[in-house]
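Colleague: Dropping a structure here in C-alpha cells format, bear with me for questions.
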Amino acid sequence: MNSTIGIAVKDTKYFFREKGTLFWTIAFPILIMLLFTAIFGREIPFNANIGIVNEDDQTSLTEGMISVINNMGLFTIKNFTTRAEALKELNETKVRAVLIIPQNFSQDLFLHHANVSLIVDGTSPDVAQLVGNAIKTSVVAYCKGVLNYTDPIVVDEELSFVGQRVGYKENIVPGMLCYPLLFSSMVVSTGAIVYERERGTLKKIRASPIRPINVLIGKTYAALFQTAIAILIMAVLAFTLLAPALNWNVQLLAIVMFLGAMNGIALGLIISCIGRAPQEASNAAVTIAVVLQFFIGMYFPIEYLPAYLQEIGKVIPMTYAAQALRDIMVRNATLNDVAFPIVTLALSATILYGVGVLLYRRWVEK
Amino acid sequence: MSEKTIIAVENLVKHYGEVRAVDGVSFSVKEGETFGLLGPNGAGKTTLMEILCGLRRFDRWKVMIHGFDLVKDSLKVRASIGFCPQETLLYDLLSVRENLAFSAALYSLSSKKFKERVEFSSKVLGVGEFLKRRVQQLSGGMKRRANLAASIIHDPPIVILDEPTVGFDPTIKREFWELIKNLKGYGKTVLLSTHDMYEADEICDRVAIMEKGKIAALDEPHVLKRTIGGEPSLHIKVKETQITNALKILEKYKCAVVDDEIQVLAKDPWEIMTEVSDRLVSQGVYTDKIEIVEPTLEDVFIKLSGRRLTEDGGEK
C-alpha cells in the first residue's frame, strides 16, 4: 500500500472508530432532509394563527365563511368576542391577522354593500401578504358562491396593517443578527473544553483549585468576546450596506444579544463537555446550529413550519432571541414589551449553565 | 527533611472495570522528602499520582495531603500540589511567560508574587533565557523546564512529577535531576514516578517499588539494595578465548558467567579482589576489566518480580 492510500485508509478507519463523528455525520443529512420534507414537502407550506371577531347577528352565514377560511389549511383560527382582545394578541404577534366581520354583515350582503375589516401584522412582509391575500380571496369567493354576490367586498383599508410596514431588507436584518448568536457563539464555545482535552492541557486546569463553574465562566468570557466581534461586524455591515429603516435601540438590543449569546455559548459548552474529540464536537455543533436556524424564525417566519414543528420552536430559547430582536427593531418594542423573551432567555441560560456544570463533573472530571 | 508527614495514603483502591489499577496502597511521605514510585508501565504509578492530584476518582481511600482530606478539601489539596505530568501541558502559540501567567492565574497569584516566581523559575529552572519565546519554538528540554516551571509557579509545598525525564537523552536527564535536587533544597516535598532505576537511586530519599497496583517494597534505596538486591560481586572481563581457562584458575571460588563476564560471588569481594587478579595474571590471563559491582534497584526489582525492566518502562 502506498503512503497516500495508507493515509486515506487510516483516516477512514479513524472516522469509523470515532463513534461521535460518525453519528453526527450520519445525523446531519438525516435531520436536514427530514426537516426540509416537513417544511416544504407539503402542498401548503404555511400555518399561521389568525383571529376572527364575528360581530354579525346571522351567525350561520358567517360561520360558513369562517369554515371556508379554516378549510384552506393555511390558518389556525382563534375566535375573539371583542376587537380589543383580538388586537391585543395581534400586537403581541400571537396572531398574524384579525378578520372583523361587522354587525349586520349578512344583511349588508343582501343589500350589496358588505364590508369586512382585515388587520394584518405588517412587520413580517411574507406573512402579511400571504395572510391578507388568502383571507380576502376566500371571503370574496364564499360570498360569490353562496349568495351569488357579485359586488366587491370592501376590505377596510384604514386598519389594514398594524406596526411599521417593513420592506424585505428590514425583515432580514434582525434574522441576520441572530446568525452570530446561534453559529458564532456555539462554534467558538464548542472547542473550549474538547480542545483542552485533546491538547492535554485540561489536566493542568483540573489539577488546579478552580471550580467547574469558574472554568465554564472563564470560557464564556472568551466566547462572548469572540461572539461580540461577530455581532459587531454583522451589525456594522448591515447598517452600512443595507441601511435598513429599523429601530437601533442599542441598549435593548445589547441585552437581548447578550442573553442570546449566553444561551448559544452554554449549548456549545455542553457539547464541548460531552465531545470526546474536536471533530465530533464540531460536527455536533454545526448540525445543531443548522437545524435550529429553521426552528427559530431567523430567516423565515416560523409560520412556514408545520404546527408541530412550531411547537418545537417555542421551546428553543433562541426563538425568543430572534423574536425579541425583530420586535425591538421592527416593532419599536420597549423593555416592557420584550420582558417575556428576556426573562425566558435568562432562565434558559441559567438552566443550560447548570446542565453544563453537571456535565463537566460527570464527563470531564470522571 | 522533617519528620512531619505531608502525604499519608491508606489502603487506596482504584478499579478500571474488573482491573484493580491501585490495590490497597498505603504509604506516607515526609515533608522535604523526595519519594519515588518505581515500577514498570501499568504498575499503577500514574493512576496513583493522578488520584493524589484530584484528577481521578477512587473507590476506597484515606488520603491526607498537607493536612487536608483529599475528598473533603479537594480544592485546598490541589492548591498545595504542583503537578507535572510526563506530557508537556503548555500552549504552543503562547510564550513561556504567557503560559506561566495562565498557570499563575489558575492559582489566583498576585502580580507581585508572579514576578517573584518568574524570577525563581529563571534562577532555579533556567527558563529566563526563553521566557519571551513561543513554546512551539522551544527544544524538548526547554519545554520540559518550562512545563516544570508552570507546574510550580504557585510555590506549592508538594511537587508531583510523573516520569519527569522519560525520553530525555542522558545529559538533559542529569540536568533535570539537578533541577529536582534544587527543589528539595528549597524545602519542597517531591513525589515522583519513574521506571528508571538509576534515576530513583540518584535522587530519591525513599523508593516504593510498585508491581501490579501494589507496593512490593518500600525503603531507602541503599536499604532495599542491601536487604533485597543481594551481595556485591566481583566482575571480571577477559578475552572470550580465555574464559574457560580463567574459570579453571578460579575454581576455588563460586563463579558464574553472565553476559561474557565472570562473576565471582564472595561475602567480601574487596578482600579477594587482589588475590583473584594476581592469580589470573600469574597464569597468563590478562583482565580487560575487574570491578566490584554492588546490587542496584534493578536487582531489587528482578528479585521481587522475577523480571527485568526495559528502558521504555516495559518488562522482559
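We label chains A, B, ... in the order they appear in the C-alpha cells, count residues from 1 in each chain, and number ligands from 1 in the order shown.
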I'd like the neighbourhood of region 348-358 of chain A as number ranges by chain, where a residue qualifies if any of its atoms comes within 12 Å (using only C-alpha atoms), though same-chain residues fewer than 5 positions away should be ignored.

Modeller: A: 189-190, 193, 211-217, 219-220, 256, 258-274, 315-321, 341-343, 363-366

Colleague: Quick one: which chain B residues come within 7 Å of chain A, and what is the nearest atom pair for each with the distance in Å to one decimal, counting only C-alpha atoms, rows ordered by chain and ascending number, as CSV?

Modeller:
residue,atom,partner,partner_atom,distance
B:Cys53,CA,A:Ala207,CA,5.8
B:Gly54,CA,A:Ala207,CA,6.3
B:Leu55,CA,A:Ala207,CA,6.2
B:Arg56,CA,A:Lys366,CA,6.6
B:Arg57,CA,A:Lys366,CA,6.8
B:Leu75,CA,A:Pro209,CA,4.6
B:Lys76,CA,A:Pro209,CA,6.9
B:Arg78,CA,A:Pro209,CA,5.3
B:Ala79,CA,A:Pro209,CA,5.5
B:Leu89,CA,A:Thr201,CA,5.0
B:Leu90,CA,A:Thr201,CA,6.7
B:Leu106,CA,A:Ser208,CA,6.2
B:Tyr107,CA,A:Pro209,CA,6.6

Colleague: Could you write out that same residue set with N, CA and C atoms as a PDB file, in the first residue's frame?

Modeller:
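What landed in result.pdb:
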ATOM      1  N   CYS B  53      -3.556  14.011  42.779  1.00  0.00           N
ATOM      2  CA  CYS B  53      -3.731  15.371  42.252  1.00  0.00           C
ATOM      3  C   CYS B  53      -5.202  15.722  42.045  1.00  0.00           C
ATOM      4  N   GLY B  54      -6.092  14.791  42.375  1.00  0.00           N
ATOM      5  CA  GLY B  54      -7.525  15.057  42.218  1.00  0.00           C
ATOM      6  C   GLY B  54      -8.009  14.875  40.796  1.00  0.00           C
ATOM      7  N   LEU B  55      -7.220  14.230  39.939  1.00  0.00           N
ATOM      8  CA  LEU B  55      -7.617  14.057  38.540  1.00  0.00           C
ATOM      9  C   LEU B  55      -8.430  12.786  38.311  1.00  0.00           C
ATOM     10  N   ARG B  56      -8.386  11.895  39.266  1.00  0.00           N
ATOM     11  CA  ARG B  56      -9.146  10.643  39.128  1.00  0.00           C
ATOM     12  C   ARG B  56      -9.878  10.344  40.420  1.00  0.00           C
ATOM     13  N   ARG B  57     -11.059   9.784  40.242  1.00  0.00           N
ATOM     14  CA  ARG B  57     -11.789   9.333  41.427  1.00  0.00           C
ATOM     15  C   ARG B  57     -11.240   7.981  41.839  1.00  0.00           C
ATOM     16  N   LEU B  75     -10.103  21.266  46.943  1.00  0.00           N
ATOM     17  CA  LEU B  75      -9.504  22.487  46.391  1.00  0.00           C
ATOM     18  C   LEU B  75      -8.235  22.876  47.143  1.00  0.00           C
ATOM     19  N   LYS B  76      -8.248  22.675  48.475  1.00  0.00           N
ATOM     20  CA  LYS B  76      -7.057  23.013  49.275  1.00  0.00           C
ATOM     21  C   LYS B  76      -5.908  22.067  48.938  1.00  0.00           C
ATOM     22  N   ARG B  78      -5.464  20.597  46.048  1.00  0.00           N
ATOM     23  CA  ARG B  78      -4.941  20.971  44.731  1.00  0.00           C
ATOM     24  C   ARG B  78      -4.036  22.199  44.818  1.00  0.00           C
ATOM     25  N   ALA B  79      -4.422  23.126  45.707  1.00  0.00           N
ATOM     26  CA  ALA B  79      -3.599  24.332  45.856  1.00  0.00           C
ATOM     27  C   ALA B  79      -2.226  24.009  46.441  1.00  0.00           C
ATOM     28  N   LEU B  89       2.318  20.209  29.176  1.00  0.00           N
ATOM     29  CA  LEU B  89       0.989  20.843  29.203  1.00  0.00           C
ATOM     30  C   LEU B  89       1.117  22.345  29.012  1.00  0.00           C
ATOM     31  N   LEU B  90       1.617  22.720  27.854  1.00  0.00           N
ATOM     32  CA  LEU B  90       1.789  24.143  27.559  1.00  0.00           C
ATOM     33  C   LEU B  90       1.059  24.459  26.258  1.00  0.00           C
ATOM     34  N   LEU B 106      -4.551  30.437  37.362  1.00  0.00           N
ATOM     35  CA  LEU B 106      -5.339  29.302  37.869  1.00  0.00           C
ATOM     36  C   LEU B 106      -5.252  29.207  39.390  1.00  0.00           C
ATOM     37  N   TYR B 107      -4.141  29.714  39.944  1.00  0.00           N
ATOM     38  CA  TYR B 107      -3.945  29.660  41.396  1.00  0.00           C
ATOM     39  C   TYR B 107      -4.132  31.039  42.040  1.00  0.00           C
TER      40      TYR B 107
END

Colleague: Which is closer to Asn104 (chain A) than all the others in A:Ala134, A:Leu61, A:Ile296, A:Val146, using only C-alpha atoms?

Modeller: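 Answer, going by the shortest atom-to-atom distance: A:Leu61.
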
Colleague: Please list as a PDB file with C-alpha atoms, in the first residue's frame every residue within 9 Å of Leu218 (chain B), counting only C-alpha atoms and excluding residues in the same chain fewer than 4 positions away.

Modeller:
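Written out: selection.pdb:
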ATOM      1  CA  PHE B  27       2.488   4.859  52.267  1.00  0.00           C
ATOM      2  CA  ARG B 206      12.944   6.650  49.699  1.00  0.00           C
ATOM      3  CA  VAL B 207      11.533   4.444  46.987  1.00  0.00           C
ATOM      4  CA  ALA B 208       8.335   2.402  46.767  1.00  0.00           C
ATOM      5  CA  ILE B 209       8.553  -0.354  44.188  1.00  0.00           C
ATOM      6  CA  MET B 210       5.150  -0.844  42.581  1.00  0.00           C
ATOM      7  CA  LEU B 224      16.424  -2.016  49.526  1.00  0.00           C
TER       8      LEU B 224
END

Colleague: From the list A:Leu325, A:Leu309, A:Ala128, A:Met65, which residue is nearest Ala254 (chain A) when using only C-alpha atoms?

Modeller: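 Smallest separation from Ala254 (chain A) among the options: A:Leu325.
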
Colleague: Give me the residues within 9 Å of Gly36 (chain B) as a list in words, counting only C-alpha atoms and dropping any in the same chain fewer than 3 places off.

Modeller: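 So, after excluding close chain neighbours, the residues are Val190, Leu191, Leu192, Ser193, Thr194, Ala200, Asp201, Ile203, Cys204, Asp205, Arg206, Val207, Ala208 and Ile209 of chain B.
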
Colleague: Could those residues be written to a file, using C-alpha atoms, as a CSV table (one decimal), in the first residue's frame?

Modeller:
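result.csv was written with the following content:
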chain,number,residue,atom,x,y,z
B,190,VAL,CA,8.8,15.8,45.8
B,191,LEU,CA,6.9,12.7,44.8
B,192,LEU,CA,8.0,11.3,41.5
B,193,SER,CA,7.2,8.2,39.5
B,194,THR,CA,9.8,6.6,37.3
B,200,ALA,CA,15.3,6.6,41.6
B,201,ASP,CA,18.6,5.7,43.1
B,203,ILE,CA,17.5,11.5,43.5
B,204,CYS,CA,15.1,9.7,45.9
B,205,ASP,CA,15.4,9.6,49.7
B,206,ARG,CA,12.9,6.6,49.7
B,207,VAL,CA,11.5,4.4,47.0
B,208,ALA,CA,8.3,2.4,46.8
B,209,ILE,CA,8.6,-0.4,44.2

Colleague: Where does DSSP see strand (DSSP E or B) in region 79-248 of chain A, if you list the residues as an MDAnalysis selection string?

Modeller: chainID A and resid 79:80 97:101 115:121 154:156 161:162

Colleague: Hey, can you spit out that residue selection with N, CA and C atoms as a CSV table (one decimal), in the first residue's frame?

Modeller:
chain,number,residue,atom,x,y,z
A,79,ASN,N,-61.0,32.4,17.8
A,79,ASN,CA,-62.2,33.3,17.9
A,79,ASN,C,-62.1,34.2,19.0
A,80,PHE,N,-62.4,35.5,18.8
A,80,PHE,CA,-62.5,36.5,19.8
A,80,PHE,C,-63.8,37.1,19.9
A,97,ALA,N,-53.1,38.0,11.9
A,97,ALA,CA,-54.1,38.9,11.3
A,97,ALA,C,-55.4,38.7,12.0
A,98,VAL,N,-56.2,39.8,12.0
A,98,VAL,CA,-57.5,39.7,12.6
A,98,VAL,C,-58.6,40.1,11.5
A,99,LEU,N,-59.5,39.2,11.4
A,99,LEU,CA,-60.6,39.5,10.5
A,99,LEU,C,-61.8,39.9,11.3
A,100,ILE,N,-62.3,41.1,11.1
A,100,ILE,CA,-63.5,41.5,11.8
A,100,ILE,C,-64.7,41.5,10.9
A,101,ILE,N,-65.7,40.7,11.3
A,101,ILE,CA,-66.9,40.6,10.5
A,101,ILE,C,-67.9,41.5,11.2
A,115,ASN,N,-69.0,44.9,3.9
A,115,ASN,CA,-67.6,45.1,4.1
A,115,ASN,C,-67.1,44.4,5.3
A,116,VAL,N,-65.8,44.1,5.3
A,116,VAL,CA,-65.2,43.5,6.5
A,116,VAL,C,-63.9,44.3,6.8
A,117,SER,N,-63.4,44.1,8.0
A,117,SER,CA,-62.1,44.7,8.3
A,117,SER,C,-61.1,43.6,8.5
A,118,LEU,N,-60.0,43.8,7.8
A,118,LEU,CA,-58.9,42.9,7.9
A,118,LEU,C,-57.6,43.6,8.4
A,119,ILE,N,-57.1,43.2,9.5
A,119,ILE,CA,-56.0,43.9,10.1
A,119,ILE,C,-54.8,42.9,10.1
A,120,VAL,N,-53.8,43.2,9.4
A,120,VAL,CA,-52.7,42.3,9.2
A,120,VAL,C,-51.4,42.8,9.9
A,121,ASP,N,-50.6,41.9,10.5
A,121,ASP,CA,-49.4,42.2,11.1
A,121,ASP,C,-48.4,42.6,10.0
A,154,VAL,N,-65.9,45.1,0.4
A,154,VAL,CA,-65.0,46.2,0.8
A,154,VAL,C,-64.2,45.7,2.0
A,155,VAL,N,-62.9,45.7,1.8
A,155,VAL,CA,-62.0,45.4,2.9
A,155,VAL,C,-61.5,46.8,3.5
A,156,ASP,N,-61.8,47.0,4.7
A,156,ASP,CA,-61.5,48.3,5.3
A,156,ASP,C,-60.0,48.5,5.3
A,161,PHE,N,-53.2,47.5,8.3
A,161,PHE,CA,-51.9,47.0,8.9
A,161,PHE,C,-51.7,47.5,10.3
A,162,VAL,N,-51.0,46.7,11.1
A,162,VAL,CA,-50.5,47.3,12.4
A,162,VAL,C,-49.0,47.2,12.3

Colleague: Which residues are close to Ala281 (chain A), i.e. within 8 Å by only C-alpha atoms, leaving aside same-chain residues fewer than 2 positions away? Reply as a compact mmCIF listing (two decimals) with N, CA and C atoms, in the first residue's frame.

Modeller:
# COMPACT_ATOMS: atom_id res chain seq x y z
N GLY A 20 -18.72 9.25 17.76
CA GLY A 20 -19.44 10.52 17.78
C GLY A 20 -19.40 11.20 16.43
N THR A 21 -18.21 11.21 15.81
CA THR A 21 -18.06 11.85 14.50
C THR A 21 -18.94 11.13 13.49
N THR A 190 -17.83 25.53 21.50
CA THR A 190 -17.75 24.07 21.35
C THR A 190 -16.32 23.58 21.50
N GLY A 191 -15.37 24.39 21.03
CA GLY A 191 -13.97 23.97 21.14
C GLY A 191 -13.38 24.15 22.52
N VAL A 194 -13.18 20.68 24.70
CA VAL A 194 -12.73 19.50 23.97
C VAL A 194 -11.31 19.68 23.42
N ILE A 271 -21.92 20.75 24.59
CA ILE A 271 -21.40 19.85 23.54
C ILE A 271 -19.92 19.60 23.78
N SER A 272 -19.21 20.65 24.18
CA SER A 272 -17.76 20.53 24.40
C SER A 272 -17.43 19.59 25.55
N ILE A 274 -19.27 17.04 26.51
CA ILE A 274 -19.62 15.67 26.14
C ILE A 274 -18.68 15.14 25.05
N GLY A 275 -18.29 16.02 24.14
CA GLY A 275 -17.50 15.60 22.98
C GLY A 275 -16.18 14.95 23.38
N ARG A 276 -15.90 13.81 22.75
CA ARG A 276 -14.65 13.13 23.08
C ARG A 276 -13.52 13.55 22.14
N ALA A 277 -13.90 14.06 20.97
CA ALA A 277 -12.88 14.52 20.03
C ALA A 277 -13.36 15.82 19.41
N PRO A 278 -12.43 16.72 19.05
CA PRO A 278 -12.82 18.01 18.49
C PRO A 278 -13.73 17.88 17.27
N GLN A 279 -13.41 16.91 16.41
CA GLN A 279 -14.21 16.79 15.18
C GLN A 279 -15.64 16.39 15.51
N ASN A 283 -18.79 18.68 14.59
CA ASN A 283 -19.90 18.16 13.77
C ASN A 283 -21.23 18.34 14.49
N ALA A 284 -21.23 18.06 15.78
CA ALA A 284 -22.46 18.18 16.57
C ALA A 284 -22.94 19.62 16.58
N ALA A 285 -22.01 20.56 16.80
CA ALA A 285 -22.38 21.98 16.89
C ALA A 285 -22.95 22.47 15.57

Colleague: Mind giving me the straight-line distance from CA of Leu246 (chain A) to CA of Met329 (chain A) in Å, one decimal?

Modeller: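 Distance reported for this atom pair: 5.2 Å.
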